[in-house]
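Source file: protein.cif; contents: mmCIF, C-alpha atoms.
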```cif
data_work
loop_
_atom_site.label_atom_id
_atom_site.label_comp_id
_atom_site.auth_asym_id
_atom_site.auth_seq_id
_atom_site.Cartn_x
_atom_site.Cartn_y
_atom_site.Cartn_z
CA MET J 260 110.46 59.93 114.56
CA ALA J 261 112.14 57.65 112.05
CA ALA J 262 115.79 57.12 112.87
CA THR J 263 117.97 58.16 109.97
CA SER J 264 121.66 57.87 109.47
CA ALA J 265 121.98 61.09 107.48
CA ALA J 266 120.00 64.08 106.31
CA PRO J 267 116.62 62.88 104.94
CA ARG J 268 116.66 62.01 101.25
CA PHE J 269 113.18 60.58 100.99
CA ALA J 270 110.48 62.02 103.21
CA ALA J 271 106.72 62.12 103.59
CA ARG J 272 104.80 65.00 105.10
CA ALA J 273 101.17 64.81 106.28
CA LEU J 274 100.47 62.03 103.81
CA ALA J 275 96.91 60.72 103.46
CA CYS J 276 95.61 57.97 101.23
CA ARG J 277 92.12 56.96 100.21
CA ARG J 278 91.15 53.58 98.71
CA GLY J 279 87.69 53.79 97.24
CA GLU J 280 85.53 55.56 99.81
CA ARG J 281 87.71 54.70 102.77
CA LEU J 282 90.46 56.88 104.20
CA VAL J 283 93.25 54.37 104.92
CA PHE J 284 95.73 56.56 106.76
CA ARG J 285 96.29 60.25 107.37
CA GLU J 286 98.94 62.63 108.71
CA LEU J 287 101.59 60.04 107.98
CA GLU J 288 105.17 61.26 108.26
CA PHE J 289 108.58 59.71 107.87
CA ALA J 290 112.05 60.70 106.82
CA LEU J 291 114.60 58.34 105.42
CA GLY J 292 118.29 59.09 104.93
CA ALA J 293 120.85 57.38 102.69
CA ALA J 294 121.27 53.72 103.71
CA GLY J 295 118.07 53.96 105.73
CA ALA J 296 115.48 51.25 106.11
CA LEU J 297 111.84 51.62 107.05
CA VAL J 298 109.78 48.63 108.16
CA LEU J 299 106.02 49.00 107.83
CA THR J 300 103.96 47.02 110.30
CA GLY J 301 100.28 46.88 111.09
CA PRO J 302 97.30 44.56 110.89
CA ASN J 303 95.77 43.50 107.56
CA GLY J 304 94.04 46.40 105.89
CA SER J 305 95.98 49.03 107.81
CA GLY J 306 97.39 50.42 104.57
CA LYS J 307 100.89 48.96 104.20
CA SER J 308 100.41 48.08 100.55
CA SER J 309 98.57 51.34 99.92
CA LEU J 310 101.46 53.29 101.40
CA LEU J 311 103.98 51.42 99.23
CA ARG J 312 101.87 52.16 96.16
CA VAL J 313 101.79 55.84 97.13
CA LEU J 314 105.57 55.82 97.62
CA ALA J 315 105.98 54.25 94.17
CA GLY J 316 103.84 56.98 92.64
CA LEU J 317 101.21 54.43 91.50
CA THR J 318 98.48 55.98 93.65
CA PRO J 319 98.43 59.74 94.16
CA PRO J 320 98.04 60.73 97.84
CA VAL J 321 94.85 62.66 98.64
CA ALA J 322 96.80 64.98 100.92
CA GLY J 323 100.38 65.65 101.86
CA GLU J 324 103.57 65.41 99.91
CA LEU J 325 106.49 63.10 99.20
CA THR J 326 109.87 64.65 98.70
CA TRP J 327 113.17 63.39 97.31
CA GLU J 328 116.13 65.50 98.35
CA GLY J 329 113.75 68.31 99.22
CA ARG J 330 111.84 68.31 95.93
CA SER J 331 108.34 66.97 95.50
CA ILE J 332 108.24 63.72 93.51
CA ALA J 333 105.12 64.98 91.75
CA GLU J 334 107.35 67.44 89.86
CA ASP J 335 108.97 64.69 87.82
CA PRO J 336 107.18 61.33 88.10
CA ALA J 337 109.34 59.74 85.38
CA GLN J 338 112.50 60.48 87.32
CA HIS J 339 110.97 59.04 90.47
CA ARG J 340 110.02 55.86 88.61
CA ALA J 341 113.59 55.53 87.38
CA ARG J 342 115.07 55.61 90.87
CA LEU J 343 112.85 53.02 92.49
CA ARG J 344 112.33 49.26 92.30
CA PHE J 345 108.87 48.17 93.41
CA ILE J 346 108.16 44.50 94.11
CA GLY J 347 104.45 44.23 94.87
CA HIS J 348 102.67 41.39 96.59
CA LEU J 349 101.70 40.01 93.17
CA ASP J 350 104.78 38.49 91.59
CA ALA J 351 103.99 39.31 87.92
CA VAL J 352 105.46 35.94 86.88
CA LYS J 353 104.20 34.57 83.55
CA PRO J 354 103.78 30.77 83.64
CA ALA J 355 104.36 30.39 79.88
CA LEU J 356 107.75 32.15 79.75
CA THR J 357 111.04 30.62 80.86
CA LEU J 358 112.72 32.17 83.88
CA ARG J 359 115.42 33.67 81.68
CA GLU J 360 112.94 35.12 79.15
CA TRP J 361 110.85 36.62 81.92
CA LEU J 362 113.77 38.24 83.70
CA ALA J 363 115.36 39.36 80.41
CA PHE J 364 112.15 41.21 79.56
CA TRP J 365 112.31 43.23 82.78
CA ALA J 366 116.04 43.70 82.33
CA GLY J 367 115.42 45.16 78.90
CA LEU J 368 112.78 47.53 80.23
CA ALA J 369 115.07 48.64 83.06
CA GLY J 370 117.89 49.21 80.56
CA ALA J 371 120.07 46.60 82.28
CA GLU J 372 122.81 44.62 80.57
CA ARG J 373 122.22 41.05 79.43
CA ALA J 374 124.78 39.65 81.86
CA ALA J 375 122.71 41.02 84.74
CA VAL J 376 120.00 38.40 84.07
CA GLY J 377 122.26 35.40 84.66
CA ALA J 378 123.83 37.04 87.69
CA ALA J 379 120.43 37.81 89.24
CA LEU J 380 119.23 34.23 88.67
CA ALA J 381 122.42 32.85 90.20
CA ARG J 382 122.12 35.10 93.21
CA PHE J 383 118.69 33.68 93.99
CA ARG J 384 119.86 30.11 93.21
CA LEU J 385 117.55 29.77 90.22
CA GLU J 386 120.17 29.38 87.47
CA GLY J 387 119.55 25.62 87.24
CA ARG J 388 115.97 26.33 86.22
CA ALA J 389 116.68 29.25 83.91
CA GLU J 390 115.39 27.49 80.79
CA LEU J 391 112.27 26.01 82.39
CA PRO J 392 108.86 27.65 82.10
CA CYS J 393 107.86 29.61 85.19
CA ARG J 394 104.82 27.38 85.71
CA VAL J 395 107.03 24.71 87.30
CA LEU J 396 108.10 27.04 90.11
CA SER J 397 106.86 26.71 93.67
CA ALA J 398 105.41 29.73 95.46
CA GLY J 399 108.72 30.45 97.21
CA GLN J 400 110.66 30.15 93.95
CA ARG J 401 108.26 32.51 92.23
CA ARG J 402 108.86 34.97 95.03
CA ARG J 403 112.62 34.61 94.60
CA LEU J 404 112.33 35.14 90.84
CA SER J 405 110.22 38.21 91.49
CA LEU J 406 112.83 39.56 93.91
CA ALA J 407 115.60 38.88 91.36
CA ARG J 408 114.32 41.96 89.51
CA LEU J 409 115.95 44.04 92.25
CA LEU J 410 119.39 42.97 91.06
CA LEU J 411 119.01 43.86 87.39
CA ARG J 412 120.13 47.40 87.80
CA PRO J 413 121.01 49.46 90.85
CA ALA J 414 118.34 51.88 92.04
CA PRO J 415 118.53 53.97 95.20
CA LEU J 416 115.08 53.10 96.54
CA TRP J 417 113.60 49.64 96.99
CA LEU J 418 109.91 49.28 97.86
CA LEU J 419 109.07 45.73 98.88
CA ASP J 420 105.58 44.55 99.73
CA GLU J 421 105.92 41.59 102.11
CA PRO J 422 109.08 40.27 100.46
CA ALA J 423 109.47 37.52 103.08
CA THR J 424 106.21 35.74 102.20
CA GLY J 425 106.85 32.14 101.20
CA LEU J 426 110.62 32.29 101.53
CA ASP J 427 112.51 29.48 103.27
CA ASP J 428 115.28 30.20 105.80
CA ASP J 429 118.07 30.19 103.21
CA SER J 430 116.22 32.53 100.87
CA MET J 431 115.39 34.77 103.81
CA ALA J 432 119.12 35.01 104.59
CA ASP J 433 119.79 35.77 100.90
CA LEU J 434 117.22 38.56 100.95
CA LEU J 435 118.57 40.09 104.16
CA ALA J 436 122.14 39.93 102.82
CA LEU J 437 120.97 41.60 99.64
CA ILE J 438 119.26 44.39 101.56
CA ALA J 439 122.39 44.84 103.69
CA GLU J 440 124.53 45.17 100.54
CA HIS J 441 122.06 47.59 99.03
CA ARG J 442 122.15 49.74 102.17
CA ALA J 443 125.94 49.53 102.45
CA ALA J 444 126.05 51.13 99.00
CA GLY J 445 123.82 53.96 100.25
CA GLY J 446 120.53 52.51 99.03
CA MET J 447 117.27 52.83 100.92
CA VAL J 448 114.57 50.27 101.46
CA VAL J 449 110.95 50.50 102.59
CA LEU J 450 109.28 47.16 103.20
CA SER J 451 106.19 45.77 104.82
CA THR J 452 106.31 42.60 106.87
CA HIS J 453 104.38 40.49 109.35
CA GLN J 454 107.42 38.71 110.72
CA PRO J 455 110.40 40.26 112.51
CA LEU J 456 113.30 40.84 110.13
CA ALA J 457 116.92 41.32 111.16
CA LEU J 458 117.47 44.75 109.68
CA PRO J 459 120.04 46.63 111.79
CA GLY J 460 119.23 50.28 112.33
CA ALA J 461 115.85 50.06 110.62
CA ALA J 462 113.12 52.47 111.63
CA ALA J 463 109.67 51.08 112.29
CA LEU J 464 106.43 52.62 111.15
CA ALA J 465 103.27 51.20 112.69
CA LEU J 466 100.49 52.02 110.26
CA GLU J 467 97.72 51.69 112.85
CA ARG J 468 98.98 54.89 114.51
CA PHE J 469 97.91 56.83 111.45
CA ALA J 470 94.49 55.28 111.06
CA PRO J 471 91.72 57.87 110.85
CA ARG J 472 89.57 58.11 113.96
CA ARG J 473 86.50 55.99 113.49
CA ALA J 474 83.13 57.68 113.62
CA PRO J 475 81.22 56.53 116.73
CA MET Z 1087 115.87 46.62 71.85
CA SER Z 1088 113.46 49.40 72.67
CA ALA Z 1089 110.94 48.99 75.47
CA PHE Z 1090 108.12 49.12 72.89
CA LEU Z 1091 109.47 46.17 70.91
CA LEU Z 1092 110.20 44.23 74.10
CA VAL Z 1093 106.53 44.42 75.07
CA VAL Z 1094 105.42 43.43 71.54
CA ARG Z 1095 107.78 40.44 71.57
CA ARG Z 1096 106.72 39.35 75.04
CA ASP Z 1097 103.00 39.55 74.22
CA LEU Z 1098 103.50 37.65 70.96
CA ARG Z 1099 105.48 34.99 72.76
CA LEU Z 1100 102.75 34.64 75.37
CA ALA Z 1101 100.03 34.49 72.71
CA LEU Z 1102 101.84 31.82 70.69
CA ARG Z 1103 103.08 29.82 73.65
CA GLN Z 1104 99.77 29.69 75.43
CA GLY Z 1105 98.52 28.67 72.02
CA SER Z 1106 94.92 28.86 73.05
CA ASP Z 1107 94.39 32.53 72.27
CA ALA Z 1108 95.66 32.81 68.70
CA ALA Z 1109 94.66 29.31 67.61
CA LEU Z 1110 91.18 29.53 69.12
CA VAL Z 1111 90.48 32.77 67.32
CA LEU Z 1112 91.41 31.25 63.98
CA ALA Z 1113 89.50 28.06 64.63
CA PHE Z 1114 86.43 30.11 65.54
CA PHE Z 1115 86.77 32.18 62.36
CA VAL Z 1116 87.05 29.14 60.10
CA LEU Z 1117 84.28 27.16 61.80
CA ALA Z 1118 81.85 30.06 61.97
CA VAL Z 1119 82.35 30.88 58.27
CA VAL Z 1120 81.99 27.23 57.29
CA LEU Z 1121 78.64 27.10 59.07
CA PHE Z 1122 77.13 29.54 56.59
CA PRO Z 1123 77.02 27.30 53.49
CA LEU Z 1124 75.51 24.64 55.75
CA GLY Z 1125 72.93 27.02 57.11
CA VAL Z 1126 71.82 28.97 54.05
CA GLY Z 1127 72.40 26.27 51.47
CA PRO Z 1128 75.10 25.74 48.84
CA GLU Z 1129 73.69 27.93 46.03
CA PRO Z 1130 76.75 29.76 44.63
CA GLU Z 1131 74.83 32.99 43.85
CA LEU Z 1132 73.50 33.32 47.37
CA LEU Z 1133 76.90 32.57 48.96
CA ALA Z 1134 78.70 34.99 46.64
CA ARG Z 1135 76.16 37.66 47.56
CA ILE Z 1136 76.74 37.32 51.32
CA ALA Z 1137 80.45 36.37 51.24
CA ALA Z 1138 81.91 39.78 52.10
CA GLY Z 1139 79.44 40.41 54.89
CA VAL Z 1140 79.95 36.99 56.44
CA LEU Z 1141 83.73 37.24 56.34
CA TRP Z 1142 83.77 40.70 57.86
CA VAL Z 1143 81.23 39.99 60.60
CA MET Z 1144 83.06 36.81 61.56
CA ALA Z 1145 86.39 38.68 61.54
CA LEU Z 1146 84.91 41.27 63.94
CA LEU Z 1147 83.65 38.57 66.28
CA ALA Z 1148 86.88 36.57 66.10
CA SER Z 1149 88.94 39.65 66.87
CA LEU Z 1150 86.67 40.34 69.85
CA LEU Z 1151 87.18 36.85 71.21
CA SER Z 1152 90.68 37.31 72.60
CA LEU Z 1153 90.36 40.97 73.57
CA ASP Z 1154 89.13 40.50 77.14
CA ARG Z 1155 92.54 39.12 78.17
CA LEU Z 1156 94.45 42.02 76.56
CA PHE Z 1157 94.98 43.86 79.85
CA GLN Z 1158 93.20 41.51 82.26
CA ALA Z 1159 95.98 38.91 82.45
CA ASP Z 1160 98.66 41.51 83.14
CA TYR Z 1161 96.38 43.27 85.59
CA GLU Z 1162 95.66 40.15 87.62
CA ASP Z 1163 99.25 38.98 88.01
CA GLY Z 1164 100.71 42.41 88.80
CA SER Z 1165 102.59 42.83 85.51
CA LEU Z 1166 100.59 45.89 84.54
CA GLU Z 1167 101.56 47.62 87.77
CA ALA Z 1168 105.21 46.80 87.15
CA LEU Z 1169 104.94 47.97 83.52
CA LEU Z 1170 103.52 51.24 84.76
CA LEU Z 1171 106.74 51.83 86.67
CA SER Z 1172 108.86 51.18 83.56
CA PRO Z 1173 110.06 54.05 81.38
CA LEU Z 1174 107.43 53.14 78.76
CA SER Z 1175 104.47 55.55 78.75
CA LEU Z 1176 101.00 54.11 79.18
CA GLY Z 1177 99.99 55.20 75.67
CA ALA Z 1178 103.00 53.44 74.14
CA LEU Z 1179 102.21 50.35 76.20
CA VAL Z 1180 98.65 50.30 74.81
CA LEU Z 1181 100.02 50.67 71.28
CA ALA Z 1182 102.52 47.86 71.81
CA LYS Z 1183 99.88 45.52 73.20
CA SER Z 1184 97.45 46.37 70.36
CA LEU Z 1185 100.17 45.68 67.79
CA ALA Z 1186 100.92 42.31 69.41
CA HIS Z 1187 97.19 41.52 69.46
CA TRP Z 1188 96.94 42.33 65.78
CA LEU Z 1189 100.00 40.27 64.87
CA ALA Z 1190 98.66 37.28 66.81
CA THR Z 1191 95.02 37.46 65.64
CA GLY Z 1192 94.37 40.11 62.97
CA LEU Z 1193 97.19 39.09 60.66
CA PRO Z 1194 96.23 35.37 60.58
CA LEU Z 1195 92.59 36.41 59.96
CA LEU Z 1196 93.74 38.50 57.03
CA LEU Z 1197 95.69 35.55 55.59
CA LEU Z 1198 92.82 33.11 56.04
CA ALA Z 1199 90.07 35.37 54.68
CA PRO Z 1200 90.87 34.85 50.94
CA LEU Z 1201 90.85 31.08 51.41
CA LEU Z 1202 87.46 31.20 53.07
CA ALA Z 1203 86.28 33.60 50.35
CA LEU Z 1204 86.93 30.79 47.86
CA LEU Z 1205 84.66 28.55 49.86
CA LEU Z 1206 81.95 31.21 49.80
CA GLN Z 1207 82.26 31.58 46.00
CA LEU Z 1208 83.28 35.23 46.19
CA ASP Z 1209 83.65 36.81 42.77
CA GLY Z 1210 87.27 37.04 41.56
CA ASP Z 1211 87.20 40.85 41.54
CA GLY Z 1212 86.43 40.92 45.23
CA PHE Z 1213 89.61 39.23 46.48
CA LEU Z 1214 91.99 42.15 46.31
CA PRO Z 1215 89.61 44.65 48.01
CA LEU Z 1216 88.88 42.01 50.65
CA ALA Z 1217 92.57 41.51 51.43
CA LEU Z 1218 93.39 45.23 51.34
CA GLY Z 1219 90.31 46.07 53.41
CA MET Z 1220 91.28 43.50 56.03
CA LEU Z 1221 94.85 44.80 56.04
CA LEU Z 1222 93.57 48.30 56.83
CA GLY Z 1223 90.59 47.27 58.94
CA THR Z 1224 91.88 44.60 61.32
CA PRO Z 1225 94.48 46.85 63.04
CA THR Z 1226 91.64 49.31 63.67
CA LEU Z 1227 89.67 46.48 65.31
CA SER Z 1228 92.61 45.76 67.66
CA LEU Z 1229 93.03 49.44 68.53
CA ILE Z 1230 89.32 50.06 69.22
CA GLY Z 1231 89.26 46.78 71.11
CA ALA Z 1232 92.09 47.98 73.33
CA VAL Z 1233 89.96 50.93 74.43
CA GLY Z 1234 87.08 48.57 75.24
CA ALA Z 1235 89.39 46.17 77.08
CA ALA Z 1236 90.78 49.05 79.13
CA LEU Z 1237 87.28 50.27 80.02
CA ALA Z 1238 86.09 46.78 80.97
CA LEU Z 1239 89.21 46.07 83.05
CA GLY Z 1240 88.35 44.67 86.45
CA ALA Z 1241 84.63 44.48 85.71
CA ARG Z 1242 82.71 41.29 86.36
CA ARG Z 1243 81.59 39.60 83.12
CA ALA Z 1244 84.19 41.73 81.36
CA GLY Z 1245 83.84 39.71 78.16
CA VAL Z 1246 80.14 40.52 77.74
CA LEU Z 1247 80.61 44.16 78.70
CA LEU Z 1248 83.47 44.38 76.24
CA SER Z 1249 81.31 43.13 73.34
CA LEU Z 1250 78.63 45.68 74.14
CA LEU Z 1251 81.18 48.48 74.29
CA VAL Z 1252 83.18 47.55 71.23
CA LEU Z 1253 80.76 46.13 68.65
CA PRO Z 1254 78.96 49.45 68.00
CA LEU Z 1255 82.36 51.05 67.44
CA TYR Z 1256 83.23 48.36 64.91
CA ILE Z 1257 80.31 49.32 62.66
CA PRO Z 1258 82.19 51.83 60.46
CA VAL Z 1259 84.92 49.29 59.74
CA LEU Z 1260 82.27 46.72 58.84
CA ILE Z 1261 80.40 49.08 56.53
CA PHE Z 1262 83.42 50.25 54.55
CA GLY Z 1263 85.07 46.83 54.54
CA VAL Z 1264 82.00 45.17 53.03
CA ALA Z 1265 81.31 48.10 50.69
CA ALA Z 1266 84.83 47.91 49.23
CA VAL Z 1267 84.28 44.27 48.23
CA ASP Z 1268 80.71 44.77 47.00
CA GLN Z 1269 81.65 47.76 44.86
CA ALA Z 1270 84.53 45.87 43.24
CA VAL Z 1271 82.27 42.91 42.48
CA ALA Z 1272 79.64 45.28 41.05
CA GLY Z 1273 82.31 46.75 38.79
CA SER Z 1274 82.76 50.15 40.38
CA ALA Z 1275 85.63 51.60 42.37
CA SER Z 1276 86.47 50.20 45.82
CA ARG Z 1277 89.15 52.82 46.33
CA PRO Z 1278 87.03 55.39 48.24
CA HIS Z 1279 85.99 52.74 50.74
CA LEU Z 1280 89.55 51.55 51.21
CA LEU Z 1281 90.63 55.14 51.74
CA MET Z 1282 87.94 55.48 54.41
CA LEU Z 1283 89.29 52.35 56.11
CA GLY Z 1284 92.75 53.94 55.99
CA ALA Z 1285 91.36 57.10 57.55
CA LEU Z 1286 89.67 55.08 60.30
CA LEU Z 1287 92.99 53.35 61.01
CA LEU Z 1288 94.85 56.65 61.25
CA GLY Z 1289 92.16 58.05 63.53
CA ALA Z 1290 92.29 54.97 65.75
CA LEU Z 1291 96.11 55.13 65.85
CA ALA Z 1292 95.94 58.70 67.07
CA LEU Z 1293 93.07 58.39 69.54
CA ALA Z 1294 92.91 54.81 70.82
CA PRO Z 1295 96.21 54.70 72.79
CA TRP Z 1296 95.31 57.96 74.46
CA ALA Z 1297 91.74 56.89 75.25
CA ALA Z 1298 92.79 53.45 76.51
CA ALA Z 1299 95.48 55.01 78.72
CA ALA Z 1300 92.90 57.37 80.21
CA ALA Z 1301 90.61 54.39 80.88
CA LEU Z 1302 93.41 52.32 82.44
CA ARG Z 1303 94.70 54.95 84.84
CA PRO Z 1304 91.78 54.97 87.32
CA ALA Z 1305 91.71 51.17 87.32
CA LEU Z 1306 95.37 51.07 88.28
CA GLU Z 1307 95.41 53.63 91.07
#
```

Go ahead and express the file in the form of structure tokens.
Amino acid sequence: MAATSAAPRFAARALACRRGERLVFRELEFALGAAGALVLTGPNGSGKSSLLRVLAGLTPPVAGELTWEGRSIAEDPAQHRARLRFIGHLDAVKPALTLREWLAFWAGLAGAERAAVGAALARFRLEGRAELPCRVLSAGQRRRLSLARLLLRPAPLWLLDEPATGLDDDSMADLLALIAEHRAAGGMVVLSTHQPLALPGAAALALERFAPRRAP
Amino acid sequence: MSAFLLVVRRDLRLALRQGSDAALVLAFFVLAVVLFPLGVGPEPELLARIAAGVLWVMALLASLLSLDRLFQADYEDGSLEALLLSPLSLGALVLAKSLAHWLATGLPLLLLAPLLALLLQLDGDGFLPLALGMLLGTPTLSLIGAVGAALALGARRAGVLLSLLVLPLYIPVLIFGVAAVDQAVAGSASRPHLLMLGALLLGALALAPWAAAAALRPALE
């Protein structure tokens, strides 16, 4: 069902997820090849964020399996963590740290080089504020700072939970250009969105199709 | 720099920069101890008798004061989720955050305690066991506290729940910490009690990161 440009690298088979007592989705399938993009759509509560958390390995699925190049990701969770960048809907920004300190912390954890911090800030047009505490940032700037983590070190899989929220037109264009570059280098992206995004060749996954049948 | 030290440095920076946490804990410790001479009267014999107990109980309460934010702040803003995806294991993360908590609160308590002991007329022989006991005991408080903070994560009234969970577990530290000082003042050996505090610290080092990680995992799924 999902259009792919090559043999599937990242695929889900009969995936089901439960949040608390509620089954959010079931029998969910997709296959994503190198340079592929998957756009998750669906109404609030349809499980877009839950699916992204499952894909990141944060929440174990209650049924089904995720595979990377044919091997289950459950075999080596650490390796799966190393190949993905997850930007959740919470931005994880600390008001008391400066932009540079905050990004340098994540750069250090990702094993990125120091120079990557300045480059990532510049790419999201935040270098002028690098030494200011994050509390001065607007919602859109916080989002941009959060997204700057993507640039610290290349990773083949990006998982983005509503990355477009709060972004102005210019930042939107930056984000789309970034995703295009990432895909041109063979990277994959799975993102959830409520607004149409110009992602050429992206497959769509409507979460409501996988909702469990409601009891009468 | 290793991922472990990065987390310690970040947490310390946050604790010092936000100021409130570390400074409030110390202010509480000093004020609460100073209340005792006002409450029970200034007789030196009475104060000297209760000095060790007062200092230790107040140190327990002060250490408890900042614990509820240990994981809560990172949980609420999504940092904990992001940290979970870093190469650092959850146990190592707990250890790093406990170490930062101790450096920001336990260590200043340890430095202040002898000064406040002067105020409470503690006998001269009691100072060294007090300082050594605090050196061994306060890290244990941070480690046990981390388990409580992990268990209370996401709960409403987490601060109250945390006190109920953690204070009973603090009792052994309190008993041996006070006994070390009392024995030294009474002229007998404080060494066995200090060794017990050391044993408690080693036990907490081995078990607390593991237990806190097990408590965090369901909250984060």

* Asked: Once the PyMOL selection byres ((chain J) within 9 of (chain Z)) has been applied to the shown file, what residues remain in the selection, as a ChimeraX atom specification?
  -> /J:278,312,315-319,337,340-341,343-353,355-356,360-361,364-365,367-370

Selection from above, C-alpha atoms, as a PDB file, keeping the file's coordinate frame, can you write it?
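Contents of result.pdb, freshly written:
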```
ATOM      1  CA  ARG J 278      91.150  53.580  98.710  1.00  0.00           C
ATOM      2  CA  ARG J 312     101.870  52.160  96.160  1.00  0.00           C
ATOM      3  CA  ALA J 315     105.980  54.250  94.170  1.00  0.00           C
ATOM      4  CA  GLY J 316     103.840  56.980  92.640  1.00  0.00           C
ATOM      5  CA  LEU J 317     101.210  54.430  91.500  1.00  0.00           C
ATOM      6  CA  THR J 318      98.480  55.980  93.650  1.00  0.00           C
ATOM      7  CA  PRO J 319      98.430  59.740  94.160  1.00  0.00           C
ATOM      8  CA  ALA J 337     109.340  59.740  85.380  1.00  0.00           C
ATOM      9  CA  ARG J 340     110.020  55.860  88.610  1.00  0.00           C
ATOM     10  CA  ALA J 341     113.590  55.530  87.380  1.00  0.00           C
ATOM     11  CA  LEU J 343     112.850  53.020  92.490  1.00  0.00           C
ATOM     12  CA  ARG J 344     112.330  49.260  92.300  1.00  0.00           C
ATOM     13  CA  PHE J 345     108.870  48.170  93.410  1.00  0.00           C
ATOM     14  CA  ILE J 346     108.160  44.500  94.110  1.00  0.00           C
ATOM     15  CA  GLY J 347     104.450  44.230  94.870  1.00  0.00           C
ATOM     16  CA  HIS J 348     102.670  41.390  96.590  1.00  0.00           C
ATOM     17  CA  LEU J 349     101.700  40.010  93.170  1.00  0.00           C
ATOM     18  CA  ASP J 350     104.780  38.490  91.590  1.00  0.00           C
ATOM     19  CA  ALA J 351     103.990  39.310  87.920  1.00  0.00           C
ATOM     20  CA  VAL J 352     105.460  35.940  86.880  1.00  0.00           C
ATOM     21  CA  LYS J 353     104.200  34.570  83.550  1.00  0.00           C
ATOM     22  CA  ALA J 355     104.360  30.390  79.880  1.00  0.00           C
ATOM     23  CA  LEU J 356     107.750  32.150  79.750  1.00  0.00           C
ATOM     24  CA  GLU J 360     112.940  35.120  79.150  1.00  0.00           C
ATOM     25  CA  TRP J 361     110.850  36.620  81.920  1.00  0.00           C
ATOM     26  CA  PHE J 364     112.150  41.210  79.560  1.00  0.00           C
ATOM     27  CA  TRP J 365     112.310  43.230  82.780  1.00  0.00           C
ATOM     28  CA  GLY J 367     115.420  45.160  78.900  1.00  0.00           C
ATOM     29  CA  LEU J 368     112.780  47.530  80.230  1.00  0.00           C
ATOM     30  CA  ALA J 369     115.070  48.640  83.060  1.00  0.00           C
ATOM     31  CA  GLY J 370     117.890  49.210  80.560  1.00  0.00           C
TER      32      GLY J 370
END
```

* Near-Pro1225 of chain Z list (12 Å; only C-alpha atoms; drop same-chain fewer than 5 positions) as a PyMOL selection string -> chain Z and resi 1145-1146+1149+1181-1196+1218-1220+1230-1232+1256+1259+1283-1284+1286-1291+1294

Once the PyMOL selection byres ((chain Z and resi 1277) around 12) is applied to the coordinates I shared, what remains selected? I want it as an mmCIF file with C-alpha atoms, keeping the file's coordinate frame.
```cif
data_model
loop_
_atom_site.group_PDB
_atom_site.id
_atom_site.type_symbol
_atom_site.label_atom_id
_atom_site.label_comp_id
_atom_site.auth_asym_id
_atom_site.auth_seq_id
_atom_site.Cartn_x
_atom_site.Cartn_y
_atom_site.Cartn_z
ATOM 1 C CA LEU Z 1214 91.990 42.150 46.310
ATOM 2 C CA PRO Z 1215 89.610 44.650 48.010
ATOM 3 C CA LEU Z 1216 88.880 42.010 50.650
ATOM 4 C CA LEU Z 1218 93.390 45.230 51.340
ATOM 5 C CA GLY Z 1219 90.310 46.070 53.410
ATOM 6 C CA PHE Z 1262 83.420 50.250 54.550
ATOM 7 C CA GLY Z 1263 85.070 46.830 54.540
ATOM 8 C CA ALA Z 1265 81.310 48.100 50.690
ATOM 9 C CA ALA Z 1266 84.830 47.910 49.230
ATOM 10 C CA VAL Z 1267 84.280 44.270 48.230
ATOM 11 C CA ASP Z 1268 80.710 44.770 47.000
ATOM 12 C CA GLN Z 1269 81.650 47.760 44.860
ATOM 13 C CA ALA Z 1270 84.530 45.870 43.240
ATOM 14 C CA GLY Z 1273 82.310 46.750 38.790
ATOM 15 C CA SER Z 1274 82.760 50.150 40.380
ATOM 16 C CA ALA Z 1275 85.630 51.600 42.370
ATOM 17 C CA SER Z 1276 86.470 50.200 45.820
ATOM 18 C CA PRO Z 1278 87.030 55.390 48.240
ATOM 19 C CA HIS Z 1279 85.990 52.740 50.740
ATOM 20 C CA LEU Z 1280 89.550 51.550 51.210
ATOM 21 C CA LEU Z 1281 90.630 55.140 51.740
ATOM 22 C CA MET Z 1282 87.940 55.480 54.410
ATOM 23 C CA LEU Z 1283 89.290 52.350 56.110
ATOM 24 C CA GLY Z 1284 92.750 53.940 55.990
#
```

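On the file presented, the PyMOL selection byres ((chain J and resi 393-407) around 8) picks out Ile346, Asp350, Ala351, Val352, Lys353, Pro354, Ala355, Leu356, Thr357, Leu358, Leu362, Ala379, Leu380, Arg382, Phe383, Leu385, Leu391, Pro392, Arg408, Leu409, Leu410, Leu411, Pro422, Thr424, Gly425, Leu426, Asp427 and Ser430 of chain J.
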
Export of prior selection with C-alpha atoms as a short mmCIF file (atom, residue, chain, number, x, y, z; two decimals), in the frame of the given file:
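Here's the written file result_37.cif:
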```
data_model
loop_
_atom_site.label_atom_id
_atom_site.label_comp_id
_atom_site.auth_asym_id
_atom_site.auth_seq_id
_atom_site.Cartn_x
_atom_site.Cartn_y
_atom_site.Cartn_z
CA ILE J 346 108.16 44.50 94.11
CA ASP J 350 104.78 38.49 91.59
CA ALA J 351 103.99 39.31 87.92
CA VAL J 352 105.46 35.94 86.88
CA LYS J 353 104.20 34.57 83.55
CA PRO J 354 103.78 30.77 83.64
CA ALA J 355 104.36 30.39 79.88
CA LEU J 356 107.75 32.15 79.75
CA THR J 357 111.04 30.62 80.86
CA LEU J 358 112.72 32.17 83.88
CA LEU J 362 113.77 38.24 83.70
CA ALA J 379 120.43 37.81 89.24
CA LEU J 380 119.23 34.23 88.67
CA ARG J 382 122.12 35.10 93.21
CA PHE J 383 118.69 33.68 93.99
CA LEU J 385 117.55 29.77 90.22
CA LEU J 391 112.27 26.01 82.39
CA PRO J 392 108.86 27.65 82.10
CA ARG J 408 114.32 41.96 89.51
CA LEU J 409 115.95 44.04 92.25
CA LEU J 410 119.39 42.97 91.06
CA LEU J 411 119.01 43.86 87.39
CA PRO J 422 109.08 40.27 100.46
CA THR J 424 106.21 35.74 102.20
CA GLY J 425 106.85 32.14 101.20
CA LEU J 426 110.62 32.29 101.53
CA ASP J 427 112.51 29.48 103.27
CA SER J 430 116.22 32.53 100.87
#
```
